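Heads up, protein.csv below (CSV, C-alpha atoms):
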chain,number,residue,atom,x,y,z
A,1102,LEU,CA,0.0,0.0,0.0
A,1103,GLU,CA,2.8,2.4,0.9
A,1104,GLY,CA,4.4,1.8,-2.5
A,1105,ARG,CA,1.1,2.5,-4.3
A,1106,ILE,CA,0.5,5.7,-2.4
A,1107,LYS,CA,4.1,6.8,-3.2
A,1108,ASP,CA,3.5,6.0,-6.9
A,1109,MET,CA,0.2,8.0,-6.9
A,1110,VAL,CA,1.7,11.1,-5.2
A,1111,SER,CA,4.7,11.1,-7.4
A,1112,GLY,CA,2.8,11.0,-10.7
A,1113,GLU,CA,3.4,7.4,-11.7
A,1114,LYS,CA,0.9,6.0,-14.2
A,1115,ILE,CA,-1.3,4.0,-11.8
A,1116,ASN,CA,-4.5,4.3,-13.7
A,1117,PHE,CA,-4.1,1.2,-15.8
A,1118,THR,CA,-7.4,1.4,-17.7
A,1119,GLU,CA,-6.5,4.8,-19.1
A,1120,GLU,CA,-2.7,4.3,-19.0
A,1121,ARG,CA,-2.0,7.6,-17.1
A,1122,PRO,CA,-1.3,9.0,-13.7
A,1123,ALA,CA,-4.1,9.7,-11.2
A,1124,LEU,CA,-3.3,13.4,-10.5
A,1125,HIS,CA,-5.9,14.3,-7.9
A,1126,THR,CA,-3.0,15.1,-5.6
A,1127,ALA,CA,-1.6,17.7,-8.0
A,1128,LEU,CA,-5.0,19.4,-8.1
A,1129,ARG,CA,-4.9,19.8,-4.3
A,1130,SER,CA,-1.2,20.9,-4.1
A,1131,ASN,CA,-0.1,24.3,-3.0
A,1132,LYS,CA,2.0,26.5,-5.3
A,1133,SER,CA,4.8,25.9,-2.8
A,1134,GLU,CA,4.8,22.2,-3.9
A,1135,MET,CA,5.8,23.0,-7.5
A,1136,GLY,CA,8.4,20.5,-8.7
A,1137,THR,CA,7.1,17.7,-6.5
A,1138,ILE,CA,5.0,15.8,-9.0
A,1139,MET,CA,6.7,15.3,-12.4
A,1140,VAL,CA,5.1,13.4,-15.3
A,1141,ASP,CA,7.2,12.8,-18.4
A,1142,GLY,CA,9.5,15.7,-17.3
A,1143,GLN,CA,6.6,18.1,-16.9
A,1144,ASP,CA,5.9,19.8,-13.5
A,1145,VAL,CA,2.3,19.0,-13.1
A,1146,VAL,CA,1.7,21.1,-10.0
A,1147,LYS,CA,3.0,24.2,-11.9
A,1148,ASP,CA,0.8,23.3,-14.8
A,1149,VAL,CA,-2.2,23.0,-12.5
A,1150,HIS,CA,-1.6,26.3,-10.9
A,1151,ASP,CA,-1.0,28.0,-14.3
A,1152,VAL,CA,-4.5,26.8,-15.3
A,1153,LEU,CA,-6.0,27.8,-11.9
A,1154,ASP,CA,-4.6,31.3,-12.3
A,1155,ASN,CA,-6.1,31.5,-15.8
A,1156,ILE,CA,-9.4,30.3,-14.5
A,1157,LYS,CA,-9.4,32.9,-11.8
A,1158,LYS,CA,-8.6,35.7,-14.3
A,1159,PHE,CA,-11.2,34.5,-16.7
A,1160,SER,CA,-13.9,34.2,-14.0
A,1161,GLU,CA,-13.1,37.7,-12.7
A,1162,ASN,CA,-13.5,39.0,-16.2
A,1163,VAL,CA,-16.9,37.4,-16.5
A,1164,ARG,CA,-18.0,38.7,-13.2
A,1165,ASN,CA,-16.9,42.2,-13.8
A,1166,GLY,CA,-18.3,42.4,-17.3
A,1167,ASN,CA,-15.0,42.6,-19.2
A,1168,PHE,CA,-15.7,39.3,-20.9
A,1169,ARG,CA,-19.0,39.4,-22.7
A,1170,GLY,CA,-21.0,37.1,-24.9
A,1171,PHE,CA,-20.9,37.0,-28.7
A,1172,THR,CA,-23.3,39.9,-29.1
A,1173,ASN,CA,-21.4,41.9,-26.5
A,1174,LYS,CA,-24.0,41.5,-23.8
A,1175,THR,CA,-23.0,40.8,-20.2
A,1176,ILE,CA,-23.0,37.2,-19.2
A,1177,THR,CA,-25.6,36.6,-16.5
A,1178,ASN,CA,-26.4,32.9,-17.0
A,1179,VAL,CA,-24.1,29.9,-16.9
A,1180,VAL,CA,-25.1,26.4,-17.9
A,1181,SER,CA,-22.7,23.7,-16.7
A,1182,VAL,CA,-22.9,20.5,-18.9
A,1183,GLY,CA,-21.5,17.3,-17.4
A,1184,ILE,CA,-22.3,13.8,-16.4
A,1185,GLY,CA,-21.4,11.8,-13.3
A,1186,GLY,CA,-18.5,13.4,-11.3
A,1187,SER,CA,-18.3,16.1,-13.9
A,1188,TYR,CA,-21.8,17.2,-12.8
A,1189,LEU,CA,-21.7,16.2,-9.1
A,1190,GLY,CA,-18.4,18.0,-8.3
A,1191,PRO,CA,-19.4,21.4,-9.6
A,1192,GLU,CA,-22.9,21.1,-8.2
A,1193,PHE,CA,-21.6,20.1,-4.7
A,1194,LEU,CA,-19.2,23.0,-4.8
A,1195,HIS,CA,-22.1,25.3,-5.8
A,1196,GLU,CA,-24.2,24.0,-2.9
A,1197,ALA,CA,-21.4,24.5,-0.4
A,1198,LEU,CA,-20.6,28.0,-1.5
A,1199,LYS,CA,-24.0,29.4,-2.1
A,1200,THR,CA,-24.5,30.3,1.6
A,1201,GLU,CA,-21.1,32.0,1.9
A,1202,GLN,CA,-21.5,35.8,2.0
A,1203,GLU,CA,-19.0,36.4,-1.0
A,1204,GLY,CA,-20.9,33.7,-3.0
A,1205,ILE,CA,-24.2,35.3,-2.3
A,1206,SER,CA,-23.1,38.8,-3.3
A,1207,SER,CA,-21.2,37.6,-6.3
A,1208,SER,CA,-24.1,35.7,-7.7
A,1209,LEU,CA,-26.8,38.4,-7.4
A,1210,ASN,CA,-28.7,38.7,-10.7
A,1211,ARG,CA,-27.0,35.6,-12.0
A,1212,THR,CA,-28.3,32.1,-12.9
A,1213,LEU,CA,-26.4,28.8,-12.7
A,1214,ARG,CA,-28.0,25.7,-14.1
A,1215,PHE,CA,-26.7,22.2,-14.4
A,1216,LEU,CA,-27.5,19.9,-17.4
A,1217,ALA,CA,-26.6,16.3,-16.3
A,1218,ASN,CA,-28.7,14.0,-18.5
A,1219,ILE,CA,-29.8,13.7,-22.1
A,1220,ASP,CA,-33.6,13.8,-21.4
A,1221,PRO,CA,-35.0,16.3,-23.9
A,1222,VAL,CA,-37.4,17.6,-21.3
A,1223,ASP,CA,-34.5,18.3,-18.9
A,1224,VAL,CA,-32.6,20.1,-21.7
A,1225,HIS,CA,-35.7,22.2,-22.4
A,1226,ARG,CA,-36.2,23.0,-18.7
A,1227,THR,CA,-32.6,24.0,-18.3
A,1228,LEU,CA,-32.6,26.4,-21.2
A,1229,ALA,CA,-36.2,27.5,-21.5
A,1230,ASP,CA,-36.1,30.9,-19.8
A,1231,LEU,CA,-32.5,31.8,-20.4
A,1232,ASP,CA,-31.4,34.6,-22.7
A,1233,PRO,CA,-28.9,32.8,-25.1
A,1234,GLU,CA,-27.1,36.1,-25.7
A,1235,LYS,CA,-26.3,36.3,-22.0
A,1236,THR,CA,-25.6,32.6,-21.4
A,1237,MET,CA,-22.2,31.0,-21.1
A,1238,VAL,CA,-22.1,27.2,-21.5
A,1239,ILE,CA,-19.3,25.3,-19.8
A,1240,ILE,CA,-18.7,21.7,-20.8
A,1241,VAL,CA,-17.2,19.8,-17.9
A,1242,SER,CA,-15.5,16.6,-18.8
A,1243,LYS,CA,-12.3,14.7,-18.0
A,1244,THR,CA,-11.9,13.2,-21.5
A,1245,PHE,CA,-14.5,15.0,-23.7
A,1246,SER,CA,-15.4,11.5,-25.0
A,1247,THR,CA,-18.5,10.7,-22.8
A,1248,ALA,CA,-21.3,10.2,-25.3
A,1249,GLU,CA,-24.0,11.9,-23.1
A,1250,THR,CA,-21.9,14.9,-22.4
A,1251,MET,CA,-21.0,15.4,-26.0
A,1252,LEU,CA,-24.6,15.0,-27.1
A,1253,ASN,CA,-25.7,17.7,-24.6
A,1254,ALA,CA,-22.8,19.9,-25.8
A,1255,ARG,CA,-24.0,19.6,-29.4
A,1256,THR,CA,-27.6,20.2,-28.4
A,1257,VAL,CA,-26.8,23.3,-26.4
A,1258,ARG,CA,-24.5,24.6,-29.2
A,1259,GLN,CA,-27.4,24.2,-31.6
A,1260,TRP,CA,-29.7,26.1,-29.2
A,1261,LEU,CA,-27.2,29.0,-29.2
A,1262,TRP,CA,-26.8,28.9,-33.0
A,1263,ASP,CA,-30.6,28.8,-33.5
A,1264,SER,CA,-31.0,31.7,-31.1
A,1265,VAL,CA,-28.0,33.9,-31.8
A,1266,ARG,CA,-26.3,32.9,-35.1
A,1267,LYS,CA,-24.6,29.9,-36.5
A,1268,ASP,CA,-21.0,30.9,-36.1
A,1269,GLU,CA,-18.1,28.8,-34.7
A,1270,ASN,CA,-17.4,31.7,-32.2
A,1271,VAL,CA,-20.9,31.4,-30.7

As structure tokens, how would this structure be written, given the file I've shared?
Amino acid sequence: LEGRIKDMVSGEKINFTEERPALHTALRSNKSEMGTIMVDGQDVVKDVHDVLDNIKKFSENVRNGNFRGFTNKTITNVVSVGIGGSYLGPEFLHEALKTEQEGISSSLNRTLRFLANIDPVDVHRTLADLDPEKTMVIIVSKTFSTAETMLNARTVRQWLWDSVRKDENV
């Protein structure tokens, strides 16, 4: 067991079905731990924190209105599309943070919806009263190969195209 744990925290390829490391520990590492998990010569902790820094900048730009939708309207709605853990993780986080004072004030006049199955009724309910010009869709997936997630992604993209304009930038 100790050897397996050491392999996991050091970035060894212990996920045999996908032939890759299980890098949950890198996602939970502090910036001070850069250089502690290397995969194929790449500092995974640094890579994770680079992405987290970019996510923070992007989300701040969405919240403050600097990032806008295709038609230049302020984003007020977010639809998170994912299945399984790619749905449950974000929704659990949302549930945990929605009673925090900063979360409450940051989310005023904003809508967050989760689309977690391919039932057309659920898709309709999720999108029905949202303004597509003010809606950002986030596809949450580890591999972007889950059939249900990709079907929902295509369905929501079509909703945006039908409502705004068929353009690869929408």

Just want the 9 Å neighbourhood of segment 1260-1268 of chain A, counted on all atoms listed in the file, with same-chain residues fewer than 6 positions away dropped. Output as an NGL selection string. :A and (1171-1172 or 1228 or 1232-1234 or 1236)

Write the residues you've just listed into a file as an mmCIF file, in the coordinates of the input, and include C-alpha atoms for each of them.
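Generated output (selection10.cif):
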data_model
loop_
_atom_site.group_PDB
_atom_site.id
_atom_site.type_symbol
_atom_site.label_atom_id
_atom_site.label_comp_id
_atom_site.auth_asym_id
_atom_site.auth_seq_id
_atom_site.Cartn_x
_atom_site.Cartn_y
_atom_site.Cartn_z
ATOM 1 C CA PHE A 1171 -20.900 37.000 -28.700
ATOM 2 C CA THR A 1172 -23.300 39.900 -29.100
ATOM 3 C CA LEU A 1228 -32.600 26.400 -21.200
ATOM 4 C CA ASP A 1232 -31.400 34.600 -22.700
ATOM 5 C CA PRO A 1233 -28.900 32.800 -25.100
ATOM 6 C CA GLU A 1234 -27.100 36.100 -25.700
ATOM 7 C CA THR A 1236 -25.600 32.600 -21.400
#

For Leu1216 of chain A, please output as JSON, numbers by chain all residues within 7 Å (counting only C-alpha atoms; exclusion window: fewer than 3 positions along the same chain). {"A": [1180, 1181, 1182, 1183, 1224, 1227]}

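The two atoms in question, atom CA of His1125 of chain A and atom CA of Met1237 of chain A, are spaced 26.8 Å apart.
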
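Reported to one decimal place, the separation of atom CA of Glu1120 of chain A from atom CA of Phe1193 of chain A is 28.5 Å.
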
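Remark: for Ser1130 of chain A, the closest of the candidate residues A:Thr1177, A:Ser1111, A:Gln1143, A:Ser1187 is A:Ser1111 (distances computed over all atoms listed in the file).
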
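Considering the residues A:Lys1235, A:Phe1245, A:Thr1137, A:Gly1190 and counting all atoms listed in the file, Gly1166 of chain A has its shortest atom-to-atom contact with A:Lys1235.
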
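Counting all atoms listed in the file and comparing A:Leu1198, A:Ile1176, A:Val1238, A:Val1257, the residue that lies closest to Pro1221 of chain A is A:Val1257.
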
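A straight line drawn from atom CA of Phe1215 of chain A to atom CA of Leu1128 of chain A is 22.8 Å long.
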
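Distance annotation: of A:Gln1259, A:Glu1269, A:Phe1117, A:Arg1164, the residue with the minimal separation from Ser1206 of chain A is A:Arg1164; atom set is all atoms listed in the file.
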